[in-house]
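> Got a file for you: input-v1.json, JSON, C-alpha atoms and all ligand atoms.
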```json
[["chain", "number", "residue", "atom", "x", "y", "z"],
["A", 1, "MET", "CA", 17.63, 142.78, 102.05],
["A", 2, "ASN", "CA", 15.51, 142.67, 98.91],
["A", 3, "VAL", "CA", 16.18, 140.18, 96.10],
["A", 4, "ARG", "CA", 18.32, 142.58, 94.12],
["A", 5, "GLU", "CA", 20.52, 143.37, 97.12],
["A", 6, "GLN", "CA", 20.85, 139.68, 97.97],
["A", 7, "LEU", "CA", 21.84, 138.82, 94.42],
["A", 8, "LEU", "CA", 24.33, 141.67, 94.25],
["A", 9, "ALA", "CA", 25.84, 140.53, 97.55],
["A", 10, "LEU", "CA", 26.05, 136.95, 96.30],
["A", 11, "ASN", "CA", 27.55, 138.08, 93.01],
["A", 12, "GLU", "CA", 30.11, 140.15, 94.89],
["A", 13, "GLU", "CA", 31.03, 137.23, 97.14],
["A", 14, "LEU", "CA", 31.46, 134.93, 94.13],
["A", 15, "ARG", "CA", 33.62, 137.49, 92.38],
["A", 16, "ARG", "CA", 35.72, 137.86, 95.54],
["A", 17, "LEU", "CA", 36.21, 134.09, 95.71],
["A", 18, "LYS", "CA", 37.02, 134.02, 92.01],
["A", 19, "GLY", "CA", 39.59, 136.79, 92.60],
["A", 20, "GLU", "CA", 41.14, 134.58, 95.28],
["A", 21, "GLY", "CA", 41.56, 131.86, 92.68],
["A", 22, "LYS", "CA", 38.62, 129.65, 93.72],
["A", 23, "ARG", "CA", 37.21, 127.98, 90.66],
["A", 24, "SER", "CA", 34.01, 126.54, 92.04],
["A", 25, "VAL", "CA", 31.66, 126.61, 95.01],
["A", 26, "SER", "CA", 29.36, 123.95, 96.36],
["A", 27, "VAL", "CA", 25.63, 124.46, 96.68],
["A", 28, "THR", "CA", 22.71, 122.10, 96.59],
["A", 29, "GLU", "CA", 20.76, 121.56, 93.38],
["A", 30, "GLU", "CA", 17.75, 122.92, 95.23],
["A", 31, "SER", "CA", 19.56, 126.12, 96.08],
["A", 32, "ILE", "CA", 20.67, 126.55, 92.48],
["A", 33, "ALA", "CA", 17.08, 126.10, 91.28],
["A", 34, "GLU", "CA", 15.84, 128.59, 93.85],
["A", 35, "LEU", "CA", 18.55, 131.05, 93.00],
["A", 36, "ARG", "CA", 17.77, 130.83, 89.31],
["A", 37, "ALA", "CA", 14.09, 131.29, 89.98],
["A", 38, "ALA", "CA", 14.79, 134.29, 92.19],
["A", 39, "ILE", "CA", 16.91, 135.85, 89.45],
["A", 40, "ALA", "CA", 14.28, 135.09, 86.82],
["A", 41, "GLY", "CA", 11.24, 136.00, 88.82],
["A", 42, "GLY", "CA", 12.45, 138.52, 91.35],
["A", 43, "VAL", "CA", 10.51, 136.71, 94.08],
["A", 44, "ALA", "CA", 11.40, 137.62, 97.65],
["A", 45, "VAL", "CA", 13.72, 135.26, 99.46],
["A", 46, "ASP", "CA", 14.18, 135.18, 103.16],
["A", 47, "SER", "CA", 16.24, 132.48, 104.82],
["A", 48, "HIS", "CA", 19.85, 131.43, 104.53],
["A", 49, "ALA", "CA", 21.41, 128.02, 104.45],
["A", 50, "ALA", "CA", 24.93, 126.90, 103.77],
["A", 51, "ASP", "CA", 25.08, 123.57, 102.00],
["A", 52, "THR", "CA", 27.86, 121.57, 100.51],
["A", 53, "VAL", "CA", 26.97, 119.01, 97.92],
["A", 54, "PRO", "CA", 27.70, 119.12, 94.23],
["A", 55, "ALA", "CA", 30.33, 121.57, 93.08],
["A", 56, "PHE", "CA", 29.31, 124.21, 90.58],
["A", 57, "PRO", "CA", 31.80, 126.41, 88.79],
["A", 58, "LEU", "CA", 32.06, 130.13, 89.36],
["A", 59, "SER", "CA", 31.76, 130.63, 85.64],
["A", 60, "VAL", "CA", 28.03, 130.32, 86.21],
["A", 61, "VAL", "CA", 28.03, 133.97, 87.25],
["A", 62, "SER", "CA", 29.32, 135.11, 83.91],
["A", 63, "GLY", "CA", 27.62, 132.71, 81.54],
["A", 64, "VAL", "CA", 27.87, 129.13, 80.48],
["A", 65, "ARG", "CA", 28.54, 126.42, 82.99],
["A", 66, "GLU", "CA", 30.97, 123.69, 81.96],
["A", 67, "GLU", "CA", 33.28, 121.40, 83.78],
["A", 68, "GLU", "CA", 36.13, 122.90, 85.68],
["A", 69, "ALA", "CA", 38.23, 121.44, 88.45],
["A", 70, "PRO", "CA", 35.91, 121.77, 91.45],
["A", 71, "VAL", "CA", 37.20, 123.38, 94.63],
["A", 72, "PRO", "CA", 34.41, 122.98, 97.16],
["A", 73, "VAL", "CA", 33.77, 126.13, 99.18],
["A", 74, "ARG", "CA", 30.86, 126.83, 101.47],
["A", 75, "VAL", "CA", 28.64, 129.72, 100.49],
["A", 76, "ALA", "CA", 25.32, 130.69, 101.86],
["A", 77, "VAL", "CA", 22.66, 130.93, 99.22],
["A", 78, "ALA", "CA", 19.37, 129.89, 99.94],
["A", 79, "PRO", "CA", 15.98, 130.95, 100.08],
["A", 80, "LYS", "CA", 12.94, 128.84, 100.41],
["A", 81, "ALA", "CA", 9.52, 129.14, 98.82],
["A", 82, "ILE", "CA", 10.32, 130.39, 95.38],
["A", 83, "VAL", "CA", 7.34, 130.44, 93.07],
["A", 84, "SER", "CA", 7.69, 130.14, 89.30],
["A", 85, "THR", "CA", 6.49, 133.20, 87.46],
["A", 86, "MET", "CA", 6.58, 131.76, 83.92],
["A", 87, "PRO", "CA", 3.28, 130.97, 82.24],
["A", 88, "ALA", "CA", 2.61, 127.69, 80.46],
["A", 89, "PRO", "CA", 4.29, 127.41, 77.04],
["A", 90, "THR", "CA", 2.47, 128.95, 74.10],
["A", 91, "PRO", "CA", 0.65, 126.33, 72.01],
["A", 92, "ILE", "CA", 2.23, 126.19, 68.56],
["A", 93, "LYS", "CA", -0.12, 126.06, 65.59],
["A", 94, "LEU", "CA", 1.59, 126.29, 62.22],
["A", 95, "PRO", "CA", 0.00, 126.44, 58.78],
["A", 96, "GLU", "CA", 0.18, 123.49, 56.43],
["A", 97, "GLY", "CA", 2.77, 124.00, 53.74],
["A", 98, "ASP", "CA", 6.41, 123.63, 52.82],
["A", 99, "LYS", "CA", 9.36, 124.10, 55.17],
["A", 100, "LEU", "CA", 9.75, 127.79, 54.42],
["A", 101, "THR", "CA", 6.06, 128.50, 55.07],
["A", 102, "ARG", "CA", 6.13, 126.70, 58.40],
["A", 103, "TRP", "CA", 9.51, 128.14, 59.46],
["A", 104, "THR", "CA", 8.40, 131.69, 58.62],
["A", 105, "ALA", "CA", 5.16, 131.24, 60.58],
["A", 106, "LEU", "CA", 7.08, 129.85, 63.55],
["A", 107, "ARG", "CA", 9.56, 132.73, 63.46],
["A", 108, "ASP", "CA", 6.71, 135.28, 63.40],
["A", 109, "LEU", "CA", 5.03, 133.50, 66.28],
["A", 110, "VAL", "CA", 8.17, 133.53, 68.43],
["A", 111, "LEU", "CA", 9.25, 137.08, 67.58],
["A", 112, "ASN", "CA", 5.77, 138.35, 68.47],
["A", 113, "ASP", "CA", 5.16, 136.08, 71.43],
["A", 114, "PRO", "CA", 3.98, 138.36, 74.27],
["A", 115, "VAL", "CA", 5.93, 136.47, 76.93],
["A", 116, "CYS", "CA", 9.16, 136.61, 74.93],
["A", 117, "ARG", "CA", 8.58, 140.29, 74.21],
["A", 118, "ALA", "CA", 7.91, 141.02, 77.89],
["A", 119, "LYS", "CA", 11.29, 139.46, 78.73],
["A", 120, "ILE", "CA", 13.34, 141.84, 76.63],
["A", 121, "PHE", "CA", 14.41, 145.34, 77.59],
["A", 122, "PRO", "CA", 13.60, 148.38, 75.42],
["A", 123, "GLY", "CA", 15.68, 148.43, 72.25],
["A", 124, "LYS", "CA", 16.63, 144.74, 72.57],
["A", 125, "LYS", "CA", 15.42, 141.86, 70.41],
["A", 126, "VAL", "CA", 13.88, 138.43, 70.77],
["A", 127, "VAL", "CA", 16.26, 135.98, 69.06],
["A", 128, "PHE", "CA", 15.13, 133.21, 66.72],
["A", 129, "GLY", "CA", 17.24, 130.62, 64.84],
["A", 130, "VAL", "CA", 19.13, 131.42, 61.64],
["A", 131, "GLY", "CA", 20.66, 129.56, 58.75],
["A", 132, "SER", "CA", 19.66, 127.11, 56.08],
["A", 133, "ILE", "CA", 16.31, 125.45, 56.58],
["A", 134, "ASP", "CA", 17.75, 122.51, 54.62],
["A", 135, "ALA", "CA", 20.83, 122.23, 56.83],
["A", 136, "ALA", "CA", 22.26, 118.77, 57.54],
["A", 137, "VAL", "CA", 23.85, 120.07, 60.74],
["A", 138, "MET", "CA", 21.94, 122.07, 63.34],
["A", 139, "PHE", "CA", 23.70, 123.66, 66.32],
["A", 140, "VAL", "CA", 21.76, 124.45, 69.48],
["A", 141, "GLY", "CA", 23.21, 126.85, 72.04],
["A", 142, "GLU", "CA", 22.02, 128.18, 75.36],
["A", 143, "ALA", "CA", 20.62, 131.71, 75.18],
["A", 144, "PRO", "CA", 21.36, 135.06, 73.57],
["A", 145, "GLY", "CA", 23.97, 137.30, 75.16],
["A", 146, "GLY", "CA", 24.37, 141.06, 74.80],
["A", 147, "ASP", "CA", 25.45, 141.07, 71.14],
["A", 148, "GLU", "CA", 22.69, 138.65, 70.19],
["A", 149, "GLU", "CA", 19.90, 140.64, 71.86],
["A", 150, "ASP", "CA", 21.22, 143.77, 70.13],
["A", 151, "GLN", "CA", 21.29, 142.18, 66.68],
["A", 152, "GLY", "CA", 18.42, 139.68, 67.01],
["A", 153, "GLU", "CA", 20.60, 136.80, 65.81],
["A", 154, "PRO", "CA", 22.14, 133.84, 67.65],
["A", 155, "PHE", "CA", 25.89, 133.55, 68.10],
["A", 156, "VAL", "CA", 27.08, 136.87, 66.72],
["A", 157, "GLY", "CA", 29.37, 137.83, 69.63],
["A", 158, "ARG", "CA", 32.77, 136.39, 70.57],
["A", 159, "ALA", "CA", 31.36, 132.89, 71.10],
["A", 160, "GLY", "CA", 29.67, 133.20, 67.71],
["A", 161, "GLN", "CA", 32.93, 134.13, 66.04],
["A", 162, "LEU", "CA", 34.50, 130.98, 67.46],
["A", 163, "LEU", "CA", 31.49, 128.95, 66.33],
["A", 164, "ASN", "CA", 31.92, 130.44, 62.84],
["A", 165, "ARG", "CA", 35.57, 129.32, 62.86],
["A", 166, "MET", "CA", 34.52, 125.82, 63.93],
["A", 167, "ILE", "CA", 31.98, 125.70, 61.10],
["A", 168, "LYS", "CA", 34.64, 126.89, 58.65],
["A", 169, "ALA", "CA", 37.04, 124.22, 59.93],
["A", 170, "MET", "CA", 34.33, 121.69, 59.03],
["A", 171, "GLY", "CA", 34.51, 122.96, 55.44],
["A", 172, "LEU", "CA", 31.15, 124.72, 55.73],
["A", 173, "ASP", "CA", 29.87, 128.27, 55.80],
["A", 174, "ARG", "CA", 27.57, 129.63, 58.54],
["A", 175, "SER", "CA", 24.82, 130.00, 55.93],
["A", 176, "GLN", "CA", 24.92, 126.22, 55.27],
["A", 177, "VAL", "CA", 24.09, 125.17, 58.83],
["A", 178, "TYR", "CA", 21.24, 126.10, 61.16],
["A", 179, "ILE", "CA", 21.87, 127.77, 64.52],
["A", 180, "GLY", "CA", 19.32, 128.08, 67.31],
["A", 181, "ASN", "CA", 19.19, 128.50, 71.06],
["A", 182, "ILE", "CA", 17.27, 126.88, 73.91],
["A", 183, "LEU", "CA", 16.10, 130.33, 75.04],
["A", 184, "ASN", "CA", 14.85, 133.16, 72.85],
["A", 185, "TRP", "CA", 15.73, 136.07, 75.10],
["A", 186, "ARG", "CA", 18.78, 137.09, 77.13],
["A", 187, "PRO", "CA", 18.25, 135.88, 80.71],
["A", 188, "ASP", "CA", 18.10, 138.95, 82.90],
["A", 189, "MET", "CA", 20.61, 139.87, 85.58],
["A", 190, "PRO", "CA", 20.90, 142.83, 87.94],
["A", 191, "ARG", "CA", 21.66, 146.06, 86.07],
["A", 192, "ASN", "CA", 24.49, 148.54, 86.37],
["A", 193, "GLU", "CA", 23.76, 152.17, 87.16],
["A", 194, "ASP", "CA", 23.92, 153.01, 83.44],
["A", 195, "GLY", "CA", 21.13, 150.46, 82.83],
["A", 196, "SER", "CA", 23.36, 147.85, 81.18],
["A", 197, "GLN", "CA", 23.15, 144.26, 82.33],
["A", 198, "THR", "CA", 25.84, 143.01, 84.73],
["A", 199, "GLY", "CA", 26.48, 139.76, 82.87],
["A", 200, "ASN", "CA", 24.92, 136.57, 81.63],
["A", 201, "ARG", "CA", 23.44, 133.62, 83.44],
["A", 202, "PRO", "CA", 22.11, 130.23, 82.36],
["A", 203, "PRO", "CA", 18.34, 130.09, 81.91],
["A", 204, "SER", "CA", 16.19, 128.84, 84.77],
["A", 205, "ALA", "CA", 14.30, 125.56, 84.40],
["A", 206, "GLU", "CA", 11.06, 127.55, 84.07],
["A", 207, "GLU", "CA", 12.44, 129.75, 81.32],
["A", 208, "MET", "CA", 13.72, 126.71, 79.47],
["A", 209, "ASN", "CA", 10.40, 124.99, 79.83],
["A", 210, "TYR", "CA", 8.68, 127.99, 78.28],
["A", 211, "CYS", "CA", 10.97, 128.19, 75.23],
["A", 212, "LEU", "CA", 11.63, 124.49, 74.58],
["A", 213, "PRO", "CA", 8.62, 124.06, 72.28],
["A", 214, "PHE", "CA", 10.13, 126.76, 70.03],
["A", 215, "ILE", "CA", 13.46, 124.99, 69.50],
["A", 216, "ARG", "CA", 11.69, 121.62, 69.22],
["A", 217, "ALA", "CA", 9.47, 123.04, 66.49],
["A", 218, "GLN", "CA", 12.52, 124.39, 64.65],
["A", 219, "ILE", "CA", 14.14, 120.94, 64.77],
["A", 220, "ALA", "CA", 10.91, 119.36, 63.51],
["A", 221, "ILE", "CA", 10.85, 121.75, 60.54],
["A", 222, "ILE", "CA", 14.56, 121.67, 59.66],
["A", 223, "GLN", "CA", 14.92, 117.90, 60.20],
["A", 224, "PRO", "CA", 18.73, 118.04, 60.30],
["A", 225, "LYS", "CA", 20.79, 114.88, 59.84],
["A", 226, "VAL", "CA", 22.68, 115.71, 63.02],
["A", 227, "LEU", "CA", 22.10, 117.90, 66.05],
["A", 228, "VAL", "CA", 24.97, 119.46, 67.96],
["A", 229, "ALA", "CA", 24.18, 120.50, 71.53],
["A", 230, "LEU", "CA", 26.59, 123.27, 72.51],
["A", 231, "GLY", "CA", 27.06, 123.11, 76.26],
["A", 232, "LYS", "CA", 25.18, 121.66, 79.19],
["A", 233, "THR", "CA", 22.08, 123.85, 78.91],
["A", 234, "ALA", "CA", 21.47, 122.59, 75.37],
["A", 235, "VAL", "CA", 22.07, 119.00, 76.55],
["A", 236, "ASP", "CA", 19.63, 119.45, 79.42],
["A", 237, "GLY", "CA", 17.04, 121.11, 77.22],
["A", 238, "LEU", "CA", 17.15, 118.55, 74.42],
["A", 239, "LEU", "CA", 17.90, 115.34, 76.31],
["A", 240, "GLY", "CA", 16.46, 116.02, 79.77],
["A", 241, "ALA", "CA", 17.94, 117.83, 82.74],
["A", 242, "ASP", "CA", 18.52, 114.66, 84.76],
["A", 243, "ARG", "CA", 20.35, 112.66, 82.12],
["A", 244, "PHE", "CA", 23.94, 113.88, 82.60],
["A", 245, "LYS", "CA", 25.76, 115.36, 85.55],
["A", 246, "SER", "CA", 28.33, 117.17, 83.46],
["A", 247, "MET", "CA", 29.45, 117.91, 79.92],
["A", 248, "GLY", "CA", 32.22, 115.34, 80.37],
["A", 249, "ALA", "CA", 29.54, 112.70, 80.88],
["A", 250, "ALA", "CA", 27.43, 113.86, 77.94],
["A", 251, "ARG", "CA", 30.07, 114.39, 75.26],
["A", 252, "GLY", "CA", 32.12, 111.84, 73.32],
["A", 253, "THR", "CA", 29.26, 109.57, 72.33],
["A", 254, "TRP", "CA", 26.04, 109.58, 70.31],
["A", 255, "HIS", "CA", 22.63, 110.31, 71.75],
["A", 256, "ALA", "CA", 19.24, 110.59, 70.11],
["A", 257, "TYR", "CA", 16.83, 113.50, 70.17],
["A", 258, "ALA", "CA", 13.61, 111.83, 68.95],
["A", 259, "ASP", "CA", 14.97, 110.13, 65.81],
["A", 260, "THR", "CA", 17.80, 112.56, 65.20],
["A", 261, "PRO", "CA", 21.37, 111.69, 66.21],
["A", 262, "LEU", "CA", 22.70, 114.22, 68.70],
["A", 263, "ARG", "CA", 26.27, 114.95, 69.69],
["A", 264, "ALA", "CA", 27.05, 117.10, 72.70],
["A", 265, "THR", "CA", 30.15, 119.22, 72.83],
["A", 266, "TYR", "CA", 31.61, 122.06, 74.83],
["A", 267, "HIS", "CA", 30.03, 125.49, 74.45],
["A", 268, "PRO", "CA", 32.14, 127.97, 72.43],
["A", 269, "SER", "CA", 32.21, 130.34, 75.46],
["A", 270, "TYR", "CA", 33.90, 127.60, 77.43],
["A", 271, "LEU", "CA", 36.31, 126.90, 74.58],
["A", 272, "LEU", "CA", 37.11, 130.62, 74.41],
["A", 273, "ARG", "CA", 38.30, 130.41, 77.97],
["A", 274, "GLN", "CA", 40.84, 127.77, 76.89],
["A", 275, "GLU", "CA", 42.25, 129.98, 74.15],
["A", 276, "GLY", "CA", 45.89, 130.83, 74.71],
["A", 277, "LEU", "CA", 46.18, 128.15, 77.42],
["A", 278, "THR", "CA", 48.88, 125.58, 76.74],
["A", 279, "SER", "CA", 48.29, 123.19, 79.64],
["A", 280, "ALA", "CA", 47.67, 119.54, 78.82],
["A", 281, "ALA", "CA", 44.13, 119.92, 80.19],
["A", 282, "ALA", "CA", 43.32, 122.87, 77.91],
["A", 283, "LYS", "CA", 44.79, 121.06, 74.90],
["A", 284, "LYS", "CA", 42.68, 118.01, 75.65],
["A", 285, "ILE", "CA", 39.50, 120.07, 75.91],
["A", 286, "LYS", "CA", 40.16, 121.62, 72.47],
["A", 287, "ARG", "CA", 40.98, 118.26, 70.89],
["A", 288, "ASP", "CA", 37.95, 116.61, 72.53],
["A", 289, "ALA", "CA", 35.71, 119.33, 71.13],
["A", 290, "TRP", "CA", 37.23, 118.87, 67.70],
["A", 291, "GLU", "CA", 36.75, 115.09, 67.91],
["A", 292, "ASP", "CA", 33.06, 115.72, 68.63],
["A", 293, "ILE", "CA", 32.93, 117.85, 65.50],
["A", 294, "LEU", "CA", 34.74, 115.17, 63.45],
["A", 295, "SER", "CA", 32.11, 112.66, 64.57],
["A", 296, "VAL", "CA", 29.39, 115.09, 63.48],
["A", 297, "MET", "CA", 31.07, 115.47, 60.09],
["A", 298, "GLU", "CA", 31.21, 111.69, 59.65],
["A", 299, "ARG", "CA", 27.57, 111.31, 60.59],
["A", 300, "ALA", "CA", 26.54, 114.10, 58.24],
["A", 301, "ALA", "CA", 28.62, 112.47, 55.46],
["A", 302, "LEU", "CA", 30.85, 115.52, 55.08],
["A", 303, "PRO", "CA", 34.28, 114.94, 53.51],
["A", 304, "ILE", "CA", 37.16, 114.92, 56.02],
["A", 305, "SER", "CA", 40.75, 115.54, 54.94],
["A", 306, "GLU", "CA", 43.83, 114.25, 56.73],
["A", 307, "LYS", "CA", 44.61, 117.83, 57.70],
["A", 308, "GLN", "CA", 41.18, 118.22, 59.31],
["A", 309, "ARG", "CA", 41.62, 114.93, 61.21],
["A", 310, "ASN", "CA", 44.82, 116.23, 62.76],
["A", 311, "TYR", "CA", 43.63, 119.62, 64.02],
["A", 312, "PHE", "CA", 44.50, 120.18, 67.70],
["A", 313, "LEU", "CA", 46.77, 117.12, 67.88],
["A", 401, "LIG", "N1", 25.78, 131.79, 73.63],
["A", 401, "LIG", "C1", 24.72, 131.03, 73.30],
["A", 401, "LIG", "O1", 24.51, 129.97, 73.85],
["A", 401, "LIG", "N2", 23.92, 131.47, 72.33],
["A", 401, "LIG", "C2", 24.13, 132.59, 71.68],
["A", 401, "LIG", "O2", 23.35, 132.92, 70.77],
["A", 401, "LIG", "C3", 25.25, 133.36, 72.03],
["A", 401, "LIG", "C4", 26.07, 132.94, 73.01]]
```
Now, as a test, write the supplied structure out as structure tokens.
Ligand code: URA

Amino acid sequence: MNVREQLLALNEELRRLKGEGKRSVSVTEESIAELRAAIAGGVAVDSHAADTVPAFPLSVVSGVREEEAPVPVRVAVAPKAIVSTMPAPTPIKLPEGDKLTRWTALRDLVLNDPVCRAKIFPGKKVVFGVGSIDAAVMFVGEAPGGDEEDQGEPFVGRAGQLLNRMIKAMGLDRSQVYIGNILNWRPDMPRNEDGSQTGNRPPSAEEMNYCLPFIRAQIAIIQPKVLVALGKTAVDGLLGADRFKSMGAARGTWHAYADTPLRATYHPSYLLRQEGLTSAAAKKIKRDAWEDILSVMERAALPISEKQRNYFL
């Protein structure tokens, strides 16, 4: 089987398990890294191994990975000897000047970066951050999805609409904050017969490593009062991949990215999956996310009304 066939078979097996109600499978960290690299690089894989160690949720096949009740299942994923195909990150040289000059130069550099451009499919766009360069609050997400690569703007799809509602609930407008992503292109997946992409996946470590200087440079220019990491990929990218095992471990407290206070909260895609759910667990996730946002508002010295304090109670 070639890589594409193996990935399609794996995808199919995961979907079958999901259809049976399984919410997570167990694979080793090594296998996950190899799988991501295979997806990113299309490098041939040859052996199989079935491992059971940490649980990882099935939602990984359709996008952002967050905490869900793990149900360990054995699956064979595996391959050995995956080689990274990403080049070293592009050195960033920006002109002297004010924020707008440096931000504009950085945006041009990223949008024209040959590696970023090689990662996008015809008609699709490299995605750079948007918003106010004087923003007090900067949100960092994972990677563009289908809507974002079509429009060339972060968070414009369903997750973006929820993020906009969260920003509005803070008493702000989208244009008053800054929104960026860890990755500047939509991570590729196998394609349907009509050429469309089968779904979304989290970026590989190599992809993140390539793009991290771009989001770091945006943070250095914007100098927000507070950073909000949306989801585990943003946490891993900004704070280090080995720092937290899960979103539950990362959220609910303050961290520091260089000198900037950072709060981690659930990714809007994960929150979307709680919409309409009335279980105590779903309610807690929504309230926890809102408490993260209230903490961000306090830190950014935004006014908070009694009504705002009580959302999701
Ligand atoms: N999810 C992200 O993490 N970023 C986007 O821009 C869109 C969806």
> So that each row is one residue of chain A with an atom at most 6 Å from ligand LIG 401 (chain A), can you give its shortest atom pair and the distance in Å to one decimal, using all atoms listed in the file, rows by chain and rising number, as a Markdown table?

```
| residue | atom | partner | partner_atom | distance |
| --- | --- | --- | --- | --- |
| A:Gly141 | CA | A:LIG401 | O1 | 3.8 |
| A:Glu142 | CA | A:LIG401 | O1 | 3.4 |
| A:Ala143 | CA | A:LIG401 | N2 | 4.4 |
| A:Pro144 | CA | A:LIG401 | O2 | 4.0 |
| A:Gly145 | CA | A:LIG401 | C3 | 5.2 |
| A:Glu148 | CA | A:LIG401 | O2 | 5.8 |
| A:Pro154 | CA | A:LIG401 | O2 | 3.5 |
| A:Phe155 | CA | A:LIG401 | O2 | 3.7 |
| A:Ala159 | CA | A:LIG401 | C4 | 5.6 |
| A:Asn181 | CA | A:LIG401 | N2 | 5.7 |
```
> Give me, please, the distance in Å between CA of Phe312 in chain A and CA of Gly131 in chain A, quoted to one decimal.
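Straight-line distance from CA of Phe312 in chain A to CA of Gly131 in chain A works out to 27.1 Å.
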> Just the residues within 12 Å of range 234-244 of chain A, please, counting all atoms listed in the file, with nothing from its chain fewer than 3 positions along; format it as a count of residues only.
54
> Name the closest residue to Val110 in chain A among the candidates A:Ser196, A:Gln308, A:Gln223, A:Asn184; distances are taken between atoms, counting only C-alpha atoms.
A:Asn184
> Find the residues with any atom within 9 Å of (11.3, 138.4, 76.3); use all atoms listed in the file and the coordinates as given in the file, and write the answer as number ranges by chain.
A: 113-121, 125-126, 184-187
> Which residues are close to Met138 in chain A, i.e. within 7 Å by only C-alpha atoms, leaving aside same-chain residues fewer than 3 positions away? Reply as a VMD selection string.
chain A and resid 135 177 to 179 224 226 to 228
> Taking C-alpha atoms for each residue, export the selection above as a PDB file, keeping the file's coordinate frame.

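Contents of result.pdb, freshly written:
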```pdb
ATOM      1  CA  ALA A 135      20.830 122.230  56.830  1.00  0.00           C
ATOM      2  CA  VAL A 177      24.090 125.170  58.830  1.00  0.00           C
ATOM      3  CA  TYR A 178      21.240 126.100  61.160  1.00  0.00           C
ATOM      4  CA  ILE A 179      21.870 127.770  64.520  1.00  0.00           C
ATOM      5  CA  PRO A 224      18.730 118.040  60.300  1.00  0.00           C
ATOM      6  CA  VAL A 226      22.680 115.710  63.020  1.00  0.00           C
ATOM      7  CA  LEU A 227      22.100 117.900  66.050  1.00  0.00           C
ATOM      8  CA  VAL A 228      24.970 119.460  67.960  1.00  0.00           C
TER       9      VAL A 228
END
```
> Could you check how far CA of Ser246 in chain A sits from CA of Ser269 in chain A, in Å to one decimal?
15.9 Å
> If you count all atoms listed in the file, which residues fall within 9 Å of Leu100 in chain A, apart from same-chain ones fewer than 4 positions away, as JSON, numbers by chain?
{"A": [104, 105, 133, 221]}
> May I have the residues from that selection written out with C-alpha atoms, as a compact mmCIF listing (two decimals), in the frame of the given file?

```txt
# COMPACT_ATOMS: atom_id res chain seq x y z
CA THR A 104 8.40 131.69 58.62
CA ALA A 105 5.16 131.24 60.58
CA ILE A 133 16.31 125.45 56.58
CA ILE A 221 10.85 121.75 60.54
```
> Please compute the CA of Pro95 in chain A-CA of Val127 in chain A distance, one decimal, in Å.
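These atoms are spaced 21.5 Å apart.
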> So that I can check the surroundings of Leu94 in chain A, please list as a ChimeraX atom specification every protein, DNA and RNA residue that reaches within 9 Å of it, counting all atoms listed in the file and ignoring chain neighbours fewer than 5 positions away.
/A:101-103,105-106,109
